[in-house]
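Asker: Pasting work_1.txt here (compact mmCIF, C-alpha atoms):
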```txt
# COMPACT_ATOMS: atom_id res chain seq x y z
CA MET R 1 0.00 0.00 0.00
CA ASN R 2 1.30 3.41 -0.94
CA PRO R 3 1.63 5.43 2.32
CA GLU R 4 1.72 8.71 0.41
CA PRO R 5 -1.98 9.74 0.75
CA PHE R 6 -1.99 8.88 4.43
CA LEU R 7 1.09 11.00 5.06
CA GLN R 8 -0.53 13.90 3.21
CA LEU R 9 -3.64 13.92 5.42
CA ASP R 10 -4.10 17.29 7.08
CA ARG R 11 -3.36 16.66 10.77
CA VAL R 12 -5.50 19.64 11.80
CA ILE R 13 -8.61 18.08 10.24
CA HIS R 14 -7.63 14.47 10.88
CA GLU R 15 -8.99 14.42 14.42
CA LYS R 16 -12.45 13.09 15.23
CA GLY R 17 -13.85 16.27 16.78
CA ARG R 18 -12.39 18.70 14.24
CA MET R 19 -13.38 16.49 11.32
CA ALA R 20 -16.95 16.53 12.66
CA ILE R 21 -16.94 20.32 12.99
CA MET R 22 -15.60 20.73 9.45
CA SER R 23 -18.23 18.28 8.11
CA LEU R 24 -21.12 20.18 9.70
CA LEU R 25 -19.79 23.53 8.52
CA ALA R 26 -19.23 22.21 5.00
CA ALA R 27 -22.98 21.73 4.58
CA SER R 28 -24.13 25.02 6.10
CA PRO R 29 -23.17 28.61 5.34
CA GLU R 30 -22.64 29.14 9.06
CA LEU R 31 -23.66 27.54 12.34
CA ALA R 32 -24.15 28.97 15.79
CA PHE R 33 -21.76 27.78 18.45
CA THR R 34 -24.70 26.26 20.32
CA GLU R 35 -25.90 24.42 17.22
CA LEU R 36 -22.45 22.87 16.77
CA ARG R 37 -22.28 21.99 20.45
CA ASP R 38 -25.72 20.35 20.44
CA ALA R 39 -25.19 18.50 17.16
CA LEU R 40 -21.86 17.06 18.24
CA GLN R 41 -22.72 16.72 21.93
CA MET R 42 -19.45 18.36 22.91
CA THR R 43 -18.79 20.39 26.00
CA ASP R 44 -18.32 24.15 25.58
CA GLY R 45 -14.64 23.82 26.50
CA ASN R 46 -13.95 20.98 24.10
CA LEU R 47 -15.68 22.73 21.23
CA THR R 48 -13.91 26.01 21.98
CA THR R 49 -10.53 24.26 21.89
CA HIS R 50 -11.23 22.56 18.56
CA VAL R 51 -12.68 25.71 17.00
CA ARG R 52 -9.64 27.67 18.14
CA THR R 53 -7.29 25.11 16.54
CA LEU R 54 -9.24 25.33 13.28
CA GLN R 55 -9.29 29.11 13.51
CA GLU R 56 -5.53 29.26 14.02
CA ALA R 57 -5.10 27.09 10.92
CA GLY R 58 -7.28 29.60 9.05
CA TYR R 59 -9.95 27.00 8.30
CA VAL R 60 -12.87 28.59 10.14
CA ALA R 61 -13.99 32.12 10.90
CA VAL R 62 -15.67 33.01 14.17
CA ALA R 63 -18.07 35.94 14.27
CA LYS R 64 -19.57 37.45 17.38
CA SER R 65 -22.74 39.50 17.24
CA TYR R 66 -25.93 40.17 19.21
CA GLN R 67 -29.39 38.80 18.63
CA ASN R 68 -32.17 40.20 20.80
CA ASN R 69 -29.58 41.63 23.20
CA ARG R 70 -28.00 38.21 23.64
CA PRO R 71 -24.51 37.36 22.38
CA LEU R 72 -24.43 35.11 19.34
CA THR R 73 -21.29 33.31 18.19
CA THR R 74 -21.32 31.86 14.69
CA VAL R 75 -18.71 29.72 13.00
CA SER R 76 -18.22 29.31 9.26
CA LEU R 77 -15.72 27.70 6.91
CA THR R 78 -13.23 30.00 5.23
CA ALA R 79 -12.15 29.54 1.61
CA PRO R 80 -8.85 27.87 2.68
CA GLY R 81 -10.92 25.70 5.04
CA GLU R 82 -13.20 24.58 2.20
CA LYS R 83 -10.17 23.79 0.06
CA ALA R 84 -8.41 21.89 2.85
CA PHE R 85 -11.56 19.88 3.62
CA ALA R 86 -12.09 19.01 -0.04
CA GLY R 87 -8.45 17.89 -0.20
CA TYR R 88 -8.89 15.82 2.96
CA ILE R 89 -11.93 14.03 1.51
CA SER R 90 -10.10 13.44 -1.74
CA LEU R 91 -7.20 11.80 0.12
CA LEU R 92 -9.61 9.62 2.13
CA GLU R 93 -11.17 8.48 -1.14
CA GLN R 94 -7.73 7.63 -2.50
CA ILE R 95 -6.96 5.59 0.61
CA VAL R 96 -10.30 3.74 0.30
CA LYS R 97 -9.51 2.94 -3.35
CA GLN R 98 -6.07 1.68 -2.42
CA THR R 99 -7.44 -0.46 0.40
CA LYS R 100 -10.06 -2.01 -1.87
CA GLY R 101 -7.56 -2.56 -4.67
CA LYS R 102 -5.17 -4.51 -2.48
CA MET M 1 -5.24 1.12 12.50
CA GLU M 2 -8.20 -0.75 10.94
CA PRO M 3 -7.93 -0.93 7.16
CA ASN M 4 -11.44 0.50 6.65
CA TRP M 5 -10.95 3.57 8.85
CA ALA M 6 -10.88 5.89 5.82
CA GLU M 7 -14.22 4.53 4.60
CA GLU M 8 -15.69 4.95 8.08
CA ASN M 9 -14.43 8.54 8.22
CA LEU M 10 -16.05 9.26 4.85
CA GLN M 11 -19.32 7.77 6.12
CA VAL M 12 -19.16 9.93 9.26
CA ILE M 13 -18.53 13.02 7.12
CA ARG M 14 -21.45 12.16 4.82
CA THR M 15 -23.81 11.60 7.77
CA LEU M 16 -22.78 14.83 9.50
CA MET M 17 -23.13 16.86 6.31
CA GLU M 18 -26.64 15.48 5.75
CA ARG M 19 -27.57 16.22 9.34
CA SER M 20 -26.23 19.75 9.04
CA ALA M 21 -28.31 20.42 5.94
CA LEU M 22 -31.55 20.41 7.95
CA TYR M 23 -34.40 22.59 6.86
CA ARG M 24 -33.77 25.81 8.76
CA ARG M 25 -36.35 28.33 7.58
CA ALA M 26 -38.07 30.19 10.42
CA MET M 27 -41.33 28.33 10.95
CA ALA M 28 -42.97 30.78 13.37
CA PRO M 29 -44.54 32.99 10.64
CA VAL M 30 -45.59 29.93 8.64
CA MET M 31 -47.25 28.32 11.67
CA ALA M 32 -48.91 31.59 12.70
CA PHE M 33 -50.24 32.05 9.17
CA ALA M 34 -51.53 28.45 8.99
CA GLY M 35 -53.12 28.83 12.43
CA ALA M 36 -54.78 32.15 11.65
CA THR M 37 -56.12 30.76 8.37
CA GLY M 38 -57.42 27.60 10.06
CA ALA M 39 -59.07 29.45 12.93
CA GLY M 40 -60.49 32.14 10.63
CA ALA M 41 -61.83 29.54 8.21
CA ALA M 42 -63.53 27.69 11.07
CA ILE M 43 -65.23 30.90 12.25
CA ILE M 44 -66.39 31.69 8.70
CA ALA M 45 -67.70 28.14 8.32
CA GLU M 46 -69.55 28.30 11.63
CA LYS M 47 -71.24 31.52 10.58
CA GLY M 48 -72.50 29.65 7.55
CA ALA M 49 -70.82 31.98 5.08
CA ALA M 50 -69.38 29.08 3.11
CA ALA M 51 -72.30 26.67 3.46
CA HIS M 52 -72.91 26.66 -0.30
CA LEU M 53 -69.49 25.02 -0.83
CA GLY M 54 -70.04 22.16 1.56
CA PHE M 55 -67.65 21.04 4.28
CA ALA M 56 -65.17 18.98 2.23
CA THR M 57 -64.86 21.39 -0.71
CA TYR M 58 -64.55 24.39 1.58
CA TRP M 59 -61.79 22.89 3.75
CA MET M 60 -59.86 21.52 0.78
CA LEU M 61 -59.86 25.03 -0.71
CA VAL M 62 -58.69 26.41 2.65
CA CYS M 63 -55.93 23.79 2.64
CA PHE M 64 -54.75 24.80 -0.85
CA ALA M 65 -54.81 28.48 0.12
CA THR M 66 -52.81 27.74 3.29
CA ILE M 67 -50.19 25.70 1.41
CA GLY M 68 -49.93 28.48 -1.19
CA GLY M 69 -49.49 31.12 1.51
CA ALA M 70 -46.94 29.02 3.39
CA LEU M 71 -44.90 28.48 0.22
CA PHE M 72 -44.99 32.21 -0.45
CA LEU M 73 -43.67 32.95 3.06
CA VAL M 74 -40.92 30.35 2.75
CA ARG M 75 -39.91 31.64 -0.70
CA ARG M 76 -39.78 35.19 0.62
CA GLN M 77 -37.48 34.10 3.46
CA ALA M 78 -35.21 32.25 1.03
CA MET M 79 -35.00 35.29 -1.27
CA ARG M 80 -34.27 37.58 1.67
CA ASP M 81 -31.44 35.26 2.80
CA GLY M 82 -30.11 35.03 -0.77
CA GLU M 83 -30.58 31.25 -0.79
CA PRO M 84 -32.31 28.97 -3.29
CA PHE M 85 -35.96 28.29 -2.50
CA TRP M 86 -36.04 24.71 -3.81
CA SER M 87 -32.96 23.60 -1.88
CA SER M 88 -32.10 20.02 -1.00
CA PRO M 89 -33.55 20.26 2.56
CA THR M 90 -36.75 21.90 1.18
CA ARG M 91 -37.09 19.07 -1.33
CA ARG M 92 -36.73 16.43 1.38
CA VAL M 93 -39.32 18.13 3.60
CA ALA M 94 -41.75 18.37 0.66
CA GLN M 95 -41.20 14.72 -0.24
CA ALA M 96 -41.98 13.72 3.34
CA LEU M 97 -45.14 15.85 3.44
CA TYR M 98 -46.61 14.82 0.07
CA PRO M 99 -47.82 11.23 0.64
CA PRO M 100 -50.07 11.80 3.71
CA LEU M 101 -51.36 15.09 2.26
CA PHE M 102 -52.12 13.36 -1.03
CA VAL M 103 -54.02 10.62 0.80
CA GLY M 104 -55.98 13.35 2.61
CA LEU M 105 -56.92 14.93 -0.72
CA VAL M 106 -58.00 11.60 -2.21
CA LEU M 107 -60.00 10.78 0.92
CA GLY M 108 -61.76 14.14 0.74
CA LEU M 109 -62.61 13.69 -2.93
CA VAL M 110 -63.88 10.15 -2.38
CA VAL M 111 -66.10 11.20 0.54
CA LEU M 112 -67.33 14.15 -1.52
CA ALA M 113 -68.14 11.96 -4.51
CA SER M 114 -69.84 9.25 -2.48
CA GLN M 115 -72.52 11.69 -1.24
CA SER M 116 -73.19 9.39 1.70
CA ARG M 117 -75.86 10.25 4.27
CA PRO M 118 -75.43 11.21 7.04
CA GLU M 119 -72.43 13.18 5.82
CA PRO M 120 -69.33 11.85 7.59
CA TRP M 121 -67.69 15.25 8.09
CA PRO M 122 -66.42 14.75 11.66
CA LEU M 123 -64.87 11.44 10.61
CA LEU M 124 -63.26 13.11 7.59
CA ALA M 125 -61.96 15.94 9.79
CA ILE M 126 -60.44 13.43 12.23
CA ALA M 127 -58.84 11.51 9.35
CA TRP M 128 -57.35 14.75 8.04
CA VAL M 129 -55.92 15.55 11.49
CA PHE M 130 -54.40 12.05 11.66
CA LEU M 131 -52.87 12.37 8.18
CA TYR M 132 -51.54 15.86 8.82
CA GLY M 133 -49.92 14.60 12.04
CA LEU M 134 -48.26 11.82 10.06
CA ALA M 135 -47.07 14.33 7.45
CA LEU M 136 -45.53 16.57 10.11
CA HIS M 137 -43.92 13.63 11.83
CA ALA M 138 -42.33 12.47 8.57
CA ALA M 139 -41.12 15.98 7.73
CA GLY M 140 -39.78 16.31 11.28
CA PHE M 141 -36.90 13.99 10.39
CA PHE M 142 -35.51 16.77 8.19
CA MET M 143 -36.48 19.74 10.34
CA VAL M 144 -35.95 20.99 13.87
CA ARG M 145 -37.11 18.36 16.34
CA GLY M 146 -40.19 20.31 17.54
CA ILE M 147 -42.00 19.56 14.29
CA LYS M 148 -41.99 15.85 15.03
CA LEU M 149 -43.50 16.60 18.43
CA LEU M 150 -46.20 18.75 16.81
CA GLY M 151 -46.94 15.80 14.52
CA TRP M 152 -47.46 13.62 17.58
CA ILE M 153 -49.77 16.23 19.12
CA PHE M 154 -51.94 16.15 15.98
CA ILE M 155 -51.95 12.33 16.01
CA LEU M 156 -52.88 12.20 19.71
CA SER M 157 -55.55 14.88 19.23
CA ALA M 158 -57.08 12.83 16.43
CA SER M 159 -56.97 9.74 18.66
CA ALA M 160 -58.74 11.59 21.47
CA LEU M 161 -61.35 12.94 19.04
CA SER M 162 -61.96 9.43 17.70
CA LEU M 163 -62.63 8.24 21.24
CA ALA M 164 -64.86 11.25 21.92
CA ARG M 165 -67.01 10.28 18.93
CA LEU M 166 -67.51 6.86 20.46
CA ILE M 167 -68.23 8.09 23.99
CA VAL M 168 -70.25 11.24 23.39
CA PRO M 169 -73.33 10.81 21.23
CA ASP M 170 -74.53 13.47 18.83
CA LEU M 171 -71.11 14.56 17.70
CA ASP M 172 -71.73 13.75 14.06
CA ARG M 173 -72.62 17.28 13.09
CA THR M 174 -70.96 19.64 10.66
CA SER M 175 -70.42 22.20 13.42
CA PHE M 176 -68.41 19.62 15.37
CA ALA M 177 -66.32 18.93 12.26
CA ASN M 178 -65.68 22.66 11.84
CA ALA M 179 -64.73 22.88 15.50
CA ILE M 180 -62.22 20.05 15.02
CA MET M 181 -60.67 21.85 12.06
CA GLY M 182 -60.55 25.17 13.91
CA ALA M 183 -59.12 23.73 17.13
CA THR M 184 -56.44 21.61 15.47
CA PHE M 185 -55.42 23.33 12.24
CA GLY M 186 -56.14 26.71 13.82
CA GLY M 187 -55.44 26.40 17.54
CA LEU M 188 -52.48 23.99 17.48
CA HIS M 189 -50.73 25.93 14.72
CA ILE M 190 -51.20 29.24 16.52
CA ALA M 191 -49.94 27.75 19.81
CA TYR M 192 -46.89 26.28 18.09
CA GLY M 193 -46.30 29.54 16.20
CA ILE M 194 -46.26 31.47 19.49
CA TYR M 195 -43.90 28.89 21.02
CA LEU M 196 -41.58 29.17 18.01
CA TYR M 197 -41.72 32.95 18.04
CA PHE M 198 -39.99 32.94 21.41
CA THR M 199 -37.77 29.87 21.01
CA GLU M 200 -36.54 30.29 17.41
CA LYS M 201 -35.13 33.71 18.22
CA SER M 202 -33.32 32.59 21.34
CA ARG M 203 -32.32 29.13 20.04
CA ASN M 204 -29.02 30.28 18.61
CA ALA M 205 -28.29 32.92 21.18
CA GLN M 206 -25.87 32.04 23.94
```
Produce structure tokens that represent the structure in this file.

Answerer:
Amino acid sequence: MNPEPFLQLDRVIHEKGRMAIMSLLAASPELAFTELRDALQMTDGNLTTHVRTLQEAGYVAVAKSYQNNRPLTTVSLTAPGEKAFAGYISLLEQIVKQTKGK
Amino acid sequence: MEPNWAEENLQVIRTLMERSALYRRAMAPVMAFAGATGAGAAIIAEKGAAAHLGFATYWMLVCFATIGGALFLVRRQAMRDGEPFWSSPTRRVAQALYPPLFVGLVLGLVVLASQSRPEPWPLLAIAWVFLYGLALHAAGFFMVRGIKLLGWIFILSASALSLARLIVPDLDRTSFANAIMGATFGGLHIAYGIYLYFTEKSRNAQ
């Protein structure tokens, strides 16, 4: 088996929690922090840590605003994030093909 | 590492993306509109203003008008948000709603054509409430979870009304059928619309 695709996998995305966050964001223009938390059943702290890691990699953007005088935090994929996620999926597909072709 | 981990990861990604693409239009205005139409139509029917149409024809027309109005509201929201109206989540919700609503239409037409006496309007109204509950429950799989609960409330209401028809005599009147339509399609929608008005706004706030 060629280890090349595996070695190319983006380590920022290749973590269960962050991969889940990226997957949810890939299908929505943006999601509220609470929506992400509820969908993934993560704690606030855990989600904050993962979102910060993704933000530092430039894959997600975090926006803070107010809705009915209550703070609202939304998270969305950035263009580099979309590209990195598409690349990650493409590599996974390559690995699946290789595994099946063995 | 298991050899199929990559396939499992892809499956997880696919599942999460589908879950994320839930139907997210604000339902409070749609529910309030449906409720107001249902309650208003029941009042008009009780005053006898639509007696010339007959129960089944009148309520089927009300149903078409309500669906038309709801689609208009949803389309307006989509345009305002700069999103496509006939999106993938919208399509899935519509596909879930169609079968029970279609059965309701066929049932109404069959009862109308059969011209049976006494006219089975309360029974038809209860059947419609059952079918609408089933439609909401099916659509609830692709919408926020409260819709599924509303579907159950319609189903349970229809069950209770079915029992009431057995226990209480003299309920086979058109006015009772109109009351069923007003209380369920009017009252339940309005109540849910009010609930959504307060919860939809604060749902995303933290």

Asker: Calculate how many Å separate atom CA of Leu25 of chain R from atom CA of Thr78 of chain R, rounding to one decimal.

Answerer: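 Pair atom CA of Leu25 of chain R / atom CA of Thr78 of chain R returns 9.8 Å.
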
Asker: If the cut-off is 7 Å, can you tell me the residues of chain R near chain M, counting only C-alpha atoms? I'd like them as number ranges by chain.

Answerer: R: 20, 23-24, 26-28, 32, 34-35, 67, 70-72, 92, 95-96, 99

Asker: At a cut-off of 10 Å, using all atoms listed in the file, what residues contact Arg18 of chain R? Leave out same-chain residues fewer than 6 positions from it and give the result as a PyMOL selection string.

Answerer: chain R and resi 11-12+24+47+49-51+53-54

Asker: Tell me, as a PyMOL selection string, which residues lie within 7 Å of Leu101 of chain M, counting only C-alpha atoms; anything in the same chain fewer than 6 positions away does not count.

Answerer: chain M and resi 131-132+135

Asker: Skipping near chain neighbours, those fewer than 2 positions away, what residues fall within 12 Å of Ala84 of chain R using only C-alpha atoms, listed as a list of chain:residue names?

Answerer: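 Counting only C-alpha atoms, the residues come to R:Gln8, R:Leu9, R:Asp10, R:Arg11, R:Val12, R:Ile13, R:His14, R:Met19, R:Met22, R:Ser23, R:Ala26, R:Leu54, R:Ala57, R:Gly58, R:Tyr59, R:Val60, R:Leu77, R:Thr78, R:Ala79, R:Pro80, R:Gly81, R:Glu82, R:Ala86, R:Gly87, R:Tyr88, R:Ile89, R:Ser90, R:Leu91.
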
Asker: Adding 6 Å on each side of the box along x, y and z that holds all listed atoms of segment 51-58 of chain M, could you give its centre and edge lengths in Å to one decimal, as AutoDock Vina command-line options?

Answerer:
```
--center_x -68.7 --center_y 22.8 --center_z 1.7 --size_x 20.4 --size_y 19.7 --size_z 17.1
```

Asker: Within 12 Å of (-58.4, 21.8, 19.3), in the coordinates the file gives, what residues turn up when you count all atoms listed in the file, written out as an NGL selection string?

Answerer: :M and (35 or 38-39 or 42 or 125-126 or 129 or 153-158 or 160-161 or 176-191)

Asker: Please, what distance in Å, to one decimal, runs between atom CA of Ser114 of chain M and atom CA of Cys63 of chain M?

Answerer: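 It comes out at 20.8 Å.
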